[in-house]
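A.B. asks: Sharing query.cif below, mmCIF, C-alpha atoms and all ligand atoms:
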data_run
loop_
_atom_site.label_atom_id
_atom_site.label_comp_id
_atom_site.auth_asym_id
_atom_site.auth_seq_id
_atom_site.Cartn_x
_atom_site.Cartn_y
_atom_site.Cartn_z
CA MET A 1 -35.78 -112.36 112.87
CA GLN A 2 -36.66 -109.62 110.40
CA LYS A 3 -40.28 -109.76 109.28
CA ILE A 4 -41.04 -110.69 105.69
CA ILE A 5 -43.36 -108.54 103.65
CA TYR A 6 -43.99 -110.33 100.41
CA LEU A 7 -44.98 -107.92 97.65
CA ASP A 8 -44.07 -110.07 94.65
CA ASN A 9 -47.44 -111.73 94.20
CA ALA A 10 -47.51 -110.99 90.46
CA ALA A 11 -44.59 -113.42 90.06
CA THR A 12 -46.21 -116.09 92.18
CA THR A 13 -48.46 -115.70 95.20
CA TRP A 14 -47.21 -116.34 98.72
CA PRO A 15 -48.14 -117.49 101.26
CA LYS A 16 -50.60 -120.03 99.96
CA PRO A 17 -53.90 -120.54 101.80
CA THR A 18 -53.74 -123.21 104.53
CA ARG A 19 -56.25 -125.24 102.53
CA VAL A 20 -53.73 -125.46 99.65
CA ILE A 21 -50.82 -126.45 101.90
CA LYS A 22 -53.01 -129.13 103.51
CA ALA A 23 -54.05 -130.45 100.10
CA LEU A 24 -50.44 -130.73 98.96
CA ALA A 25 -49.47 -132.69 102.08
CA GLU A 26 -52.59 -134.84 101.82
CA PHE A 27 -51.74 -135.77 98.25
CA TYR A 28 -48.45 -137.42 99.10
CA ASN A 29 -49.46 -138.59 102.56
CA HIS A 30 -52.57 -140.40 101.41
CA PHE A 31 -52.56 -140.94 97.69
CA THR A 32 -50.67 -140.54 94.46
CA GLY A 33 -51.02 -141.98 90.99
CA SER A 34 -51.06 -140.94 87.41
CA GLN A 35 -54.52 -139.86 86.33
CA GLY A 36 -56.08 -141.88 83.53
CA ARG A 37 -53.77 -144.86 84.16
CA ALA A 38 -56.09 -147.48 85.59
CA GLY A 39 -54.98 -150.39 87.76
CA HIS A 40 -55.44 -149.42 91.39
CA GLY A 41 -57.55 -147.34 93.72
CA MET A 42 -55.04 -144.53 94.17
CA ALA A 43 -54.77 -143.98 90.42
CA LEU A 44 -58.56 -143.91 90.23
CA LYS A 45 -58.70 -141.32 93.00
CA ALA A 46 -56.07 -139.23 91.17
CA SER A 47 -58.15 -139.46 87.97
CA ARG A 48 -61.26 -138.36 89.82
CA GLU A 49 -59.48 -135.39 91.38
CA VAL A 50 -58.10 -134.27 88.01
CA PHE A 51 -61.56 -134.60 86.48
CA GLU A 52 -63.12 -132.56 89.30
CA THR A 53 -60.49 -129.85 88.92
CA ARG A 54 -61.16 -129.68 85.18
CA GLU A 55 -64.85 -129.24 85.93
CA LEU A 56 -64.09 -126.54 88.49
CA VAL A 57 -61.89 -124.61 86.03
CA ALA A 58 -64.62 -124.95 83.36
CA PHE A 59 -67.16 -123.57 85.83
CA LEU A 60 -64.88 -120.71 86.90
CA PHE A 61 -64.28 -119.45 83.33
CA ASN A 62 -67.57 -120.65 81.80
CA VAL A 63 -65.83 -123.02 79.40
CA PRO A 64 -68.60 -124.84 77.48
CA ASN A 65 -66.92 -128.26 77.74
CA SER A 66 -64.53 -129.32 80.52
CA GLU A 67 -62.70 -131.60 78.06
CA ARG A 68 -61.36 -128.36 76.60
CA VAL A 69 -59.57 -127.56 79.86
CA ILE A 70 -55.95 -128.66 79.47
CA PHE A 71 -53.49 -128.63 82.33
CA THR A 72 -50.04 -127.27 81.58
CA ALA A 73 -46.98 -126.34 83.63
CA ASN A 74 -47.80 -122.62 83.57
CA ALA A 75 -49.31 -119.89 81.40
CA THR A 76 -46.22 -119.82 79.17
CA HIS A 77 -46.68 -123.44 78.10
CA ALA A 78 -50.39 -122.83 77.54
CA ILE A 79 -49.68 -119.82 75.30
CA ASN A 80 -47.08 -121.79 73.32
CA TYR A 81 -49.57 -124.64 72.78
CA ALA A 82 -52.22 -122.19 71.65
CA LEU A 83 -50.04 -120.24 69.21
CA LYS A 84 -48.08 -123.14 67.77
CA GLY A 85 -51.14 -125.39 67.70
CA ILE A 86 -53.39 -123.09 65.66
CA LEU A 87 -51.14 -120.94 63.45
CA LYS A 88 -50.27 -121.95 59.91
CA LYS A 89 -47.62 -120.57 57.58
CA GLY A 90 -48.60 -117.16 56.23
CA ASP A 91 -51.03 -116.29 59.03
CA HIS A 92 -51.07 -112.76 60.41
CA VAL A 93 -51.23 -112.25 64.18
CA ILE A 94 -51.92 -109.07 66.16
CA CYS A 95 -50.81 -108.47 69.75
CA SER A 96 -50.71 -105.46 72.06
CA GLY A 97 -47.73 -103.37 73.09
CA PHE A 98 -48.17 -104.66 76.63
CA GLU A 99 -47.37 -108.34 76.16
CA HIS A 100 -45.25 -110.42 78.47
CA ASN A 101 -42.39 -112.40 76.89
CA ALA A 102 -44.62 -115.48 77.27
CA VAL A 103 -46.51 -114.05 74.28
CA PHE A 104 -43.89 -111.83 72.64
CA ARG A 105 -41.13 -114.44 72.34
CA PRO A 106 -43.13 -117.26 70.72
CA LEU A 107 -44.56 -114.70 68.29
CA LYS A 108 -41.12 -113.22 67.52
CA TYR A 109 -39.75 -116.73 67.01
CA LEU A 110 -42.54 -117.63 64.56
CA GLU A 111 -41.94 -114.34 62.76
CA SER A 112 -38.15 -114.89 62.65
CA ILE A 113 -38.58 -118.18 60.77
CA SER A 114 -40.95 -116.41 58.34
CA TYR A 115 -43.87 -118.53 59.53
CA ILE A 116 -46.17 -115.67 60.55
CA GLU A 117 -46.63 -111.94 60.00
CA LEU A 118 -46.81 -109.99 63.24
CA THR A 119 -48.35 -106.63 64.13
CA ILE A 120 -47.65 -105.19 67.57
CA LEU A 121 -50.10 -102.42 68.37
CA ASP A 122 -48.75 -99.28 70.03
CA CYS A 123 -50.12 -98.61 73.50
CA ASN A 124 -49.66 -95.44 75.49
CA LYS A 125 -48.23 -95.36 79.01
CA TYR A 126 -51.61 -96.17 80.57
CA SER A 127 -51.85 -99.17 78.21
CA ASP A 128 -54.92 -97.73 76.54
CA PHE A 129 -55.76 -100.12 73.75
CA ASP A 130 -56.86 -98.18 70.68
CA LEU A 131 -59.78 -100.22 69.32
CA SER A 132 -60.01 -98.31 66.02
CA ALA A 133 -56.26 -98.69 65.35
CA PHE A 134 -56.74 -102.38 66.14
CA GLU A 135 -59.58 -102.71 63.63
CA LYS A 136 -57.48 -100.97 60.99
CA SER A 137 -54.61 -103.41 61.56
CA ILE A 138 -56.76 -106.44 60.67
CA LYS A 139 -55.79 -107.98 57.32
CA PRO A 140 -57.41 -110.68 55.17
CA ASN A 141 -54.89 -113.21 56.54
CA THR A 142 -55.31 -112.24 60.22
CA LYS A 143 -55.83 -115.58 61.93
CA ALA A 144 -55.48 -114.65 65.59
CA VAL A 145 -55.29 -111.81 68.06
CA ILE A 146 -53.57 -112.33 71.37
CA THR A 147 -53.53 -109.86 74.23
CA THR A 148 -52.77 -109.89 77.88
CA HIS A 149 -55.83 -109.34 80.06
CA GLY A 150 -53.93 -107.39 82.69
CA SER A 151 -50.46 -105.87 82.63
CA ASN A 152 -47.89 -107.30 85.00
CA VAL A 153 -45.98 -104.00 84.83
CA ASN A 154 -48.47 -101.24 85.61
CA GLY A 155 -51.61 -103.20 86.52
CA SER A 156 -53.82 -101.89 83.73
CA ILE A 157 -56.66 -104.00 82.31
CA LEU A 158 -57.18 -104.35 78.57
CA PRO A 159 -60.72 -104.18 77.09
CA VAL A 160 -60.98 -107.90 76.47
CA ARG A 161 -64.72 -108.02 75.78
CA GLU A 162 -64.54 -105.23 73.17
CA ILE A 163 -61.53 -106.82 71.46
CA GLY A 164 -63.24 -110.22 71.55
CA LYS A 165 -66.43 -108.84 70.00
CA ILE A 166 -64.51 -107.39 67.07
CA CYS A 167 -62.64 -110.69 66.64
CA LYS A 168 -65.91 -112.60 66.62
CA GLU A 169 -67.40 -110.30 63.96
CA LYS A 170 -64.32 -110.81 61.79
CA ALA A 171 -64.02 -114.57 62.46
CA ILE A 172 -60.58 -114.15 64.06
CA ILE A 173 -59.44 -116.36 66.94
CA TYR A 174 -59.03 -114.36 70.13
CA ILE A 175 -56.47 -115.66 72.65
CA VAL A 176 -56.26 -114.08 76.09
CA ASP A 177 -53.28 -114.30 78.43
CA ALA A 178 -54.98 -114.28 81.82
CA ALA A 179 -51.83 -115.00 83.84
CA GLN A 180 -52.40 -111.94 86.02
CA THR A 181 -56.19 -111.82 86.07
CA ALA A 182 -57.48 -115.37 86.54
CA GLY A 183 -58.81 -115.37 90.12
CA PHE A 184 -58.84 -111.58 90.42
CA ILE A 185 -61.16 -110.50 87.61
CA PRO A 186 -64.18 -112.56 86.60
CA ILE A 187 -63.58 -114.20 83.21
CA ASP A 188 -66.35 -115.70 81.11
CA LEU A 189 -65.27 -117.32 77.85
CA GLN A 190 -68.70 -116.89 76.34
CA LEU A 191 -69.63 -113.37 77.52
CA ASP A 192 -66.12 -112.06 76.89
CA TYR A 193 -65.90 -113.55 73.36
CA ILE A 194 -62.67 -115.36 74.25
CA ASP A 195 -61.80 -118.35 72.06
CA ILE A 196 -58.69 -119.50 73.95
CA LEU A 197 -57.65 -118.61 77.48
CA ALA A 198 -54.25 -119.27 79.05
CA PHE A 199 -53.96 -119.02 82.82
CA SER A 200 -51.42 -119.46 85.61
CA GLY A 201 -52.52 -121.65 88.49
CA HIS A 202 -49.80 -120.40 90.83
CA LYS A 203 -50.66 -116.71 90.84
CA LYS A 204 -54.16 -115.42 91.70
CA LEU A 205 -55.60 -118.93 91.85
CA TYR A 206 -53.18 -119.73 94.71
CA GLY A 207 -52.09 -123.15 93.49
CA PRO A 208 -48.47 -124.31 93.75
CA THR A 209 -45.84 -123.44 91.15
CA GLY A 210 -45.74 -125.66 88.07
CA ILE A 211 -49.43 -125.53 87.27
CA GLY A 212 -51.39 -123.57 84.69
CA GLY A 213 -53.81 -124.28 81.91
CA LEU A 214 -55.44 -123.69 78.59
CA CYS A 215 -59.20 -123.45 77.99
CA PHE A 216 -60.92 -123.15 74.64
CA LYS A 217 -64.26 -123.29 72.90
CA ASN A 218 -65.57 -126.36 71.08
CA GLU A 219 -65.02 -124.78 67.64
CA ILE A 220 -61.28 -124.42 68.25
CA ASP A 221 -58.91 -127.17 67.22
CA ILE A 222 -55.35 -127.18 68.54
CA GLU A 223 -52.74 -129.47 67.04
CA THR A 224 -50.87 -131.95 69.24
CA LEU A 225 -47.36 -130.64 69.85
CA LEU A 226 -46.21 -133.29 72.33
CA HIS A 227 -46.90 -136.94 71.57
CA GLY A 228 -46.77 -139.73 74.11
CA GLY A 229 -48.61 -141.81 76.66
CA THR A 230 -52.05 -140.71 77.77
CA GLY A 231 -53.43 -143.89 79.34
CA SER A 232 -55.96 -144.04 76.46
CA ARG A 233 -55.82 -145.88 73.08
CA SER A 234 -52.57 -147.49 74.24
CA GLU A 235 -52.74 -150.10 71.46
CA SER A 236 -52.23 -147.42 68.82
CA GLY A 237 -49.07 -145.64 67.67
CA GLU A 238 -51.16 -142.56 66.98
CA HIS A 239 -51.72 -139.95 69.66
CA PRO A 240 -55.45 -139.84 70.64
CA PRO A 241 -57.36 -137.23 68.61
CA PHE A 242 -59.80 -136.35 71.41
CA TYR A 243 -59.47 -133.77 74.17
CA PRO A 244 -58.07 -133.45 76.77
CA ASP A 245 -55.75 -136.36 75.85
CA LYS A 246 -54.90 -134.72 72.52
CA LEU A 247 -52.94 -132.03 74.37
CA GLU A 248 -51.88 -133.84 77.54
CA ALA A 249 -49.03 -136.32 77.01
CA GLY A 250 -47.11 -137.94 79.85
CA THR A 251 -47.77 -138.02 83.59
CA PRO A 252 -49.43 -134.76 84.54
CA ASN A 253 -48.63 -132.61 87.56
CA THR A 254 -51.32 -134.32 89.62
CA LEU A 255 -50.00 -132.78 92.84
CA GLY A 256 -50.21 -129.32 91.27
CA ILE A 257 -53.70 -129.98 89.91
CA TYR A 258 -54.86 -131.13 93.36
CA GLY A 259 -53.34 -128.01 94.92
CA LEU A 260 -54.94 -125.85 92.23
CA LYS A 261 -58.32 -127.30 93.08
CA ALA A 262 -57.87 -126.20 96.71
CA GLY A 263 -56.65 -122.77 95.54
CA ILE A 264 -59.68 -122.24 93.31
CA GLN A 265 -61.99 -123.39 96.10
CA HIS A 266 -60.37 -120.85 98.42
CA VAL A 267 -60.81 -118.06 95.86
CA MET A 268 -64.43 -119.03 95.22
CA ASN A 269 -65.26 -119.27 98.90
CA THR A 270 -63.67 -115.90 99.61
CA GLY A 271 -65.40 -114.40 96.56
CA ILE A 272 -63.61 -112.63 93.71
CA SER A 273 -65.46 -109.37 94.45
CA ASN A 274 -64.29 -109.46 98.10
CA ILE A 275 -60.73 -110.22 97.04
CA GLN A 276 -60.84 -107.34 94.57
CA LYS A 277 -62.36 -104.89 97.04
CA GLU A 278 -59.71 -105.50 99.72
CA GLN A 279 -56.74 -105.42 97.41
CA LEU A 280 -57.97 -102.42 95.42
CA GLU A 281 -58.34 -100.46 98.65
CA LEU A 282 -54.72 -101.28 99.48
CA ILE A 283 -53.36 -100.43 96.04
CA ILE A 284 -55.30 -97.16 95.83
CA PHE A 285 -54.02 -96.09 99.23
CA PHE A 286 -50.48 -97.11 98.24
CA THR A 287 -50.69 -95.28 94.89
CA LYS A 288 -52.00 -92.05 96.38
CA SER A 289 -49.40 -92.07 99.16
CA LEU A 290 -46.56 -92.59 96.70
CA GLU A 291 -47.81 -89.94 94.32
CA SER A 292 -47.45 -87.38 97.08
CA ILE A 293 -43.70 -88.07 97.30
CA ASP A 294 -41.75 -85.85 94.85
CA GLU A 295 -38.84 -88.25 94.34
CA VAL A 296 -41.07 -91.15 93.33
CA ILE A 297 -42.35 -91.73 89.80
CA VAL A 298 -45.36 -94.05 89.79
CA TYR A 299 -46.44 -96.10 86.75
CA LYS A 300 -50.10 -97.06 87.00
CA PRO A 301 -53.26 -97.22 84.93
CA LEU A 302 -55.56 -94.22 84.55
CA SER A 303 -58.52 -95.88 86.21
CA PHE A 304 -58.63 -96.52 89.92
CA ASP A 305 -61.52 -98.99 89.65
CA GLU A 306 -60.34 -101.30 86.89
CA ARG A 307 -56.85 -102.39 87.70
CA LEU A 308 -54.71 -105.11 89.18
CA PRO A 309 -53.35 -104.84 92.73
CA LEU A 310 -49.88 -103.84 91.55
CA LEU A 311 -47.85 -100.86 90.45
CA SER A 312 -44.35 -100.00 89.34
CA LEU A 313 -42.22 -97.11 90.51
CA ASN A 314 -38.80 -95.59 90.26
CA ILE A 315 -37.02 -93.41 92.78
CA LYS A 316 -35.23 -90.56 91.03
CA ASN A 317 -31.48 -91.14 90.62
CA MET A 318 -31.61 -94.74 91.84
CA THR A 319 -31.69 -97.95 89.82
CA SER A 320 -34.62 -100.31 90.30
CA SER A 321 -32.28 -103.12 91.36
CA ASP A 322 -30.70 -100.94 94.07
CA VAL A 323 -34.12 -100.00 95.43
CA SER A 324 -35.31 -103.62 95.44
CA LEU A 325 -32.12 -104.79 97.10
CA ILE A 326 -32.35 -102.20 99.90
CA LEU A 327 -36.03 -102.97 100.43
CA ASP A 328 -35.16 -106.65 100.81
CA LYS A 329 -31.98 -106.41 102.89
CA ASP A 330 -32.85 -103.46 105.15
CA PHE A 331 -36.61 -103.74 105.44
CA GLY A 332 -37.57 -107.35 104.60
CA ILE A 333 -39.80 -106.20 101.73
CA MET A 334 -39.78 -108.49 98.68
CA THR A 335 -40.37 -106.74 95.38
CA ARG A 336 -39.25 -107.31 91.81
CA ALA A 337 -36.82 -105.06 89.92
CA GLY A 338 -36.02 -104.73 86.23
CA LEU A 339 -38.11 -105.48 83.18
CA HIS A 340 -40.46 -108.14 84.62
CA CYS A 341 -40.13 -110.21 81.40
CA ALA A 342 -42.15 -107.52 79.64
CA PRO A 343 -39.86 -105.27 77.55
CA LEU A 344 -42.78 -104.26 75.31
CA ALA A 345 -44.73 -102.94 78.29
CA HIS A 346 -41.70 -101.03 79.55
CA LYS A 347 -41.26 -99.47 76.12
CA SER A 348 -44.92 -98.43 76.25
CA ILE A 349 -44.61 -96.78 79.68
CA GLY A 350 -41.20 -95.24 78.88
CA THR A 351 -39.07 -97.24 81.32
CA PHE A 352 -37.05 -99.29 78.85
CA PRO A 353 -34.31 -100.42 79.38
CA GLN A 354 -33.89 -99.37 83.01
CA GLY A 355 -37.11 -101.04 84.22
CA SER A 356 -38.85 -100.32 87.50
CA VAL A 357 -39.55 -101.72 90.95
CA ARG A 358 -42.82 -103.64 91.03
CA PHE A 359 -44.99 -104.00 94.14
CA SER A 360 -47.76 -106.57 93.79
CA PHE A 361 -50.27 -107.49 96.46
CA GLY A 362 -52.00 -110.73 97.32
CA LEU A 363 -54.67 -112.15 99.62
CA PHE A 364 -52.62 -111.87 102.79
CA ASN A 365 -51.17 -108.36 102.62
CA THR A 366 -52.39 -105.92 105.23
CA SER A 367 -52.70 -102.13 105.49
CA GLU A 368 -49.98 -102.19 108.21
CA GLU A 369 -47.59 -103.81 105.73
CA ILE A 370 -48.39 -101.19 103.11
CA GLU A 371 -47.89 -98.34 105.60
CA TYR A 372 -44.56 -99.86 106.63
CA THR A 373 -43.58 -100.11 102.94
CA ILE A 374 -44.40 -96.43 102.34
CA GLU A 375 -42.33 -95.43 105.39
CA SER A 376 -39.47 -97.64 104.17
CA ILE A 377 -39.51 -95.95 100.75
CA LYS A 378 -39.37 -92.56 102.46
CA LYS A 379 -36.38 -93.71 104.52
CA ILE A 380 -34.57 -94.93 101.40
CA ILE A 381 -35.09 -91.54 99.76
CA LYS A 382 -33.73 -89.77 102.87
CA GLN A 383 -30.66 -91.99 103.08
CA ARG A 384 -29.99 -91.88 99.33
C1 LIG A 401 -48.93 -111.14 81.88
C2 LIG A 401 -48.19 -112.42 82.06
N1 LIG A 401 -48.27 -113.37 81.11
C3 LIG A 401 -47.64 -114.55 81.22
C4 LIG A 401 -46.88 -114.84 82.33
C5 LIG A 401 -46.22 -116.17 82.44
O1 LIG A 401 -46.84 -116.91 83.44
P1 LIG A 401 -46.23 -118.31 83.93
O2 LIG A 401 -45.10 -117.96 84.80
O3 LIG A 401 -47.35 -118.98 84.64
O4 LIG A 401 -45.81 -119.02 82.70
C6 LIG A 401 -46.74 -113.89 83.34
C7 LIG A 401 -45.89 -114.17 84.52
O5 LIG A 401 -45.53 -113.32 85.28
C8 LIG A 401 -47.42 -112.66 83.20
O6 LIG A 401 -47.34 -111.72 84.14
#
Write out the structure in this file as structure tokens.
Ligand SMILES: Cc1ncc(COP(=O)(O)O)c(C=O)c1O
C.D. replies:
Amino acid sequence: MQKIIYLDNAATTWPKPTRVIKALAEFYNHFTGSQGRAGHGMALKASREVFETRELVAFLFNVPNSERVIFTANATHAINYALKGILKKGDHVICSGFEHNAVFRPLKYLESISYIELTILDCNKYSDFDLSAFEKSIKPNTKAVITTHGSNVNGSILPVREIGKICKEKAIIYIVDAAQTAGFIPIDLQLDYIDILAFSGHKKLYGPTGIGGLCFKNEIDIETLLHGGTGSRSESGEHPPFYPDKLEAGTPNTLGIYGLKAGIQHVMNTGISNIQKEQLELIIFFTKSLESIDEVIVYKPLSFDERLPLLSLNIKNMTSSDVSLILDKDFGIMTRAGLHCAPLAHKSIGTFPQGSVRFSFGLFNTSEEIEYTIESIKKIIKQR
């Protein structure tokens, strides 16, 4: 059987740590239950596990109050809750030219119904975020700024703390899309001046698919968008006004939350700085090797130190989908072709509409796999 080299970890990480797989099996082998719905021991255990995971997430991101950790299906749902739950008609919102469609589409929708005014800041191909242009774009009605923390297209990191500081000075709500960074770059809501954080649980936190979350500071109030059962105040027709119930209606993904807990524990035990060190070594080696090949165009950030373990490339005179397909079929290397749900970012790096091939690393990739990938790319160029 052909070996599998999985380099699509920016989409969702694979494989998952053994601890996560064991937790998922344990959940359905030994308990189940809908958290917060009392009545039997298994439901109580589920409630306790959800509570502990909330506490763990609060600890990981330094969220002042774990009741402000809301579990969602993914980062996209979290971002939608944040934007639609805080914005009012006539508000102005600023985002970067590197946003994923998880941010861009809800904003475009709100703009299209004349609900908000939107400014998209230009970014250059390295995704340099121009702080003075940002300050100039602030208007009296600017309610919120939302930026990605790390680009899923070229791996660059945005200056979150600097943006957050400016937002704080101007009393603007700062929302950060940490889909790509949570678990890879330390995030501290308080030190980084982040008001609302959206994260994916299934990427660098190594949980299963279908889990993500929203964290926010005590001063932030987010309107209930989904009304329903919470297991609390059941006598009332009104949705509970307190968090987390205010934003969590219906049976949660308790299995996913339990798996996320194991994923976060794995990341914390391994140590974010160790994870970073290993994967940065791999991506730097990969980048330098590719840059020495004439036929390859590499899209990457300027800095070698501050980046995500991913890059995009194109091979001259080949489409990204052809390259990805050959890598998969002939070499067993899984990558992602096209626009990666981030047309704004591709416009910024000059690869719109053709896109690029993205290689993204995770905990379990090895230097042998990366060397094999480089050799495979060279073979593709030869056979082209
Ligand atoms: C930067 C960025 N934001 C948001 C998302 C959406 O994340 P999710 O799939 O968890 O909704 C992604 C997914 O790839 C992403 O890369």
A.B. asks: Which residues are near ligand LIG 401 (chain A) - at most 7 Å, using all atoms listed in the file? Format: as a PyMOL selection string.
C.D. replies: chain A and resi 10-11+74-77+99-100+102+148+150-152+177-180+199-202+212
A.B. asks: Just C-alpha atoms for this one: save the residues we selected as a PDB file, keeping the file's coordinate frame.
C.D. replies:
ATOM      1  CA  ALA A  10     -47.510-110.990  90.460  1.00  0.00           C
ATOM      2  CA  ALA A  11     -44.590-113.420  90.060  1.00  0.00           C
ATOM      3  CA  ASN A  74     -47.800-122.620  83.570  1.00  0.00           C
ATOM      4  CA  ALA A  75     -49.310-119.890  81.400  1.00  0.00           C
ATOM      5  CA  THR A  76     -46.220-119.820  79.170  1.00  0.00           C
ATOM      6  CA  HIS A  77     -46.680-123.440  78.100  1.00  0.00           C
ATOM      7  CA  GLU A  99     -47.370-108.340  76.160  1.00  0.00           C
ATOM      8  CA  HIS A 100     -45.250-110.420  78.470  1.00  0.00           C
ATOM      9  CA  ALA A 102     -44.620-115.480  77.270  1.00  0.00           C
ATOM     10  CA  THR A 148     -52.770-109.890  77.880  1.00  0.00           C
ATOM     11  CA  GLY A 150     -53.930-107.390  82.690  1.00  0.00           C
ATOM     12  CA  SER A 151     -50.460-105.870  82.630  1.00  0.00           C
ATOM     13  CA  ASN A 152     -47.890-107.300  85.000  1.00  0.00           C
ATOM     14  CA  ASP A 177     -53.280-114.300  78.430  1.00  0.00           C
ATOM     15  CA  ALA A 178     -54.980-114.280  81.820  1.00  0.00           C
ATOM     16  CA  ALA A 179     -51.830-115.000  83.840  1.00  0.00           C
ATOM     17  CA  GLN A 180     -52.400-111.940  86.020  1.00  0.00           C
ATOM     18  CA  PHE A 199     -53.960-119.020  82.820  1.00  0.00           C
ATOM     19  CA  SER A 200     -51.420-119.460  85.610  1.00  0.00           C
ATOM     20  CA  GLY A 201     -52.520-121.650  88.490  1.00  0.00           C
ATOM     21  CA  HIS A 202     -49.800-120.400  90.830  1.00  0.00           C
ATOM     22  CA  GLY A 212     -51.390-123.570  84.690  1.00  0.00           C
TER      23      GLY A 212
END
A.B. asks: Excluding segment 233-239 of chain A and any residue of its chain fewer than 6 positions from it, enumerate the residues within 10 Å of it, using all atoms listed in the file, and give them as a PyMOL selection string.
C.D. replies: chain A and resi 224+226-227+245-249
A.B. asks: Given 5 Å of margin on each side, can you work out the centre and size in Å (one decimal) of an axis-aligned box holding every listed atom of segment 145-151 of chain A, as AutoDock Vina command-line options?
C.D. replies:
--center_x -53.1 --center_y -109.1 --center_z 75.4 --size_x 15.4 --size_y 16.5 --size_z 24.6
A.B. asks: List as a tab-separated table every residue of segment 154-189 of chain A that is in contact with segment 250-264 of chain A, defined as an atom at most 12 Å from one of its atoms (using all atoms listed in the file), together with the nearest atom pair and the distance in Å rounded to one decimal, sorted by chain and then rising number.
C.D. replies:
residue	atom	partner	partner_atom	distance
A:Ala182	CA	A:Ile264	CA	9.9
A:Gly183	CA	A:Ile264	CA	7.6
A:Phe184	CA	A:Ile264	CA	11.1
A.B. asks: Quick one: residues within 7 Å of (-31.6, -96.8, 97.0) (file frame), counting all atoms listed in the file, please, as a list in words.
C.D. replies: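 Result, sorted by chain then residue number: Met318, Asp322, Val323, Ile326, Ile380, Ile381 and Arg384 of chain A.
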A.B. asks: Give me, please, the distance in Å between atom CA of Lys143 of chain A and atom CA of Leu118 of chain A, quoted to one decimal.
C.D. replies: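 Between these atoms lies a distance of 10.7 Å.
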A.B. asks: Contacts of segment 37-53 of chain A at 6 Å or less, counting all atoms listed in the file, minus same-chain residues fewer than 4 places along, as a ChimeraX atom specification?
C.D. replies: /A:31-33,231,261
A.B. asks: When you draw a straight line from atom CA of Arg19 of chain A to atom CA of Asn269 of chain A, how long is it in Å?
C.D. replies: 11.4 Å
A.B. asks: Would you kindly return, as a count of residues only, each protein, DNA or RNA residue with an atom no farther than 12 Å from any atom of Trp14 of chain A, considering only C-alpha atoms and excluding same-chain residues fewer than 2 positions away?
C.D. replies: 30
A.B. asks: What lies within 8 Å of Lys89 of chain A using only C-alpha atoms, ignoring chain neighbours under 5 positions off, as a list in words?
C.D. replies: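 Those residues are Ser114, Tyr115 and Ile116 of chain A.
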A.B. asks: In the coordinate frame of the file, compute which residues have an atom within 12 Å of (-51.0, -93.3, 97.9) when using only C-alpha atoms, and state them as a list of chain:residue names.
C.D. replies: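 Output: A:Leu280, A:Glu281, A:Leu282, A:Ile283, A:Ile284, A:Phe285, A:Phe286, A:Thr287, A:Lys288, A:Ser289, A:Leu290, A:Glu291, A:Ser292, A:Ile293, A:Val296, A:Ile297, A:Val298, A:Lys300, A:Phe304, A:Leu311, A:Ser367, A:Ile370, A:Glu371, A:Thr373, A:Ile374, A:Glu375.
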A.B. asks: With only C-alpha atoms as the atoms that count, which of A:Pro240, A:Gly90, A:Pro186, A:Pro309 lies nearest to Ile113 of chain A?
C.D. replies: A:Gly90
A.B. asks: Name all residues at most 12 Å from Ala171 of chain A (count only C-alpha atoms; drop same-chain ones fewer than 3 positions away) and give them as a tab-separated table (two decimals) with C-alpha atoms, in the frame of the given file.
C.D. replies:
chain	number	residue	atom	x	y	z
A	138	ILE	CA	-56.76	-106.44	60.67
A	139	LYS	CA	-55.79	-107.98	57.32
A	140	PRO	CA	-57.41	-110.68	55.17
A	141	ASN	CA	-54.89	-113.21	56.54
A	142	THR	CA	-55.31	-112.24	60.22
A	143	LYS	CA	-55.83	-115.58	61.93
A	144	ALA	CA	-55.48	-114.65	65.59
A	145	VAL	CA	-55.29	-111.81	68.06
A	164	GLY	CA	-63.24	-110.22	71.55
A	165	LYS	CA	-66.43	-108.84	70.00
A	166	ILE	CA	-64.51	-107.39	67.07
A	167	CYS	CA	-62.64	-110.69	66.64
A	168	LYS	CA	-65.91	-112.60	66.62
A	174	TYR	CA	-59.03	-114.36	70.13
A	193	TYR	CA	-65.90	-113.55	73.36
A	194	ILE	CA	-62.67	-115.36	74.25
A	195	ASP	CA	-61.80	-118.35	72.06
A	219	GLU	CA	-65.02	-124.78	67.64
A	220	ILE	CA	-61.28	-124.42	68.25
A.B. asks: Using only C-alpha atoms, which of A:Cys123, A:Val103, A:Leu310, A:Leu158 sits nearest Gln279 of chain A?
C.D. replies: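 With only C-alpha atoms as the atom set, the closest residue is A:Leu310.
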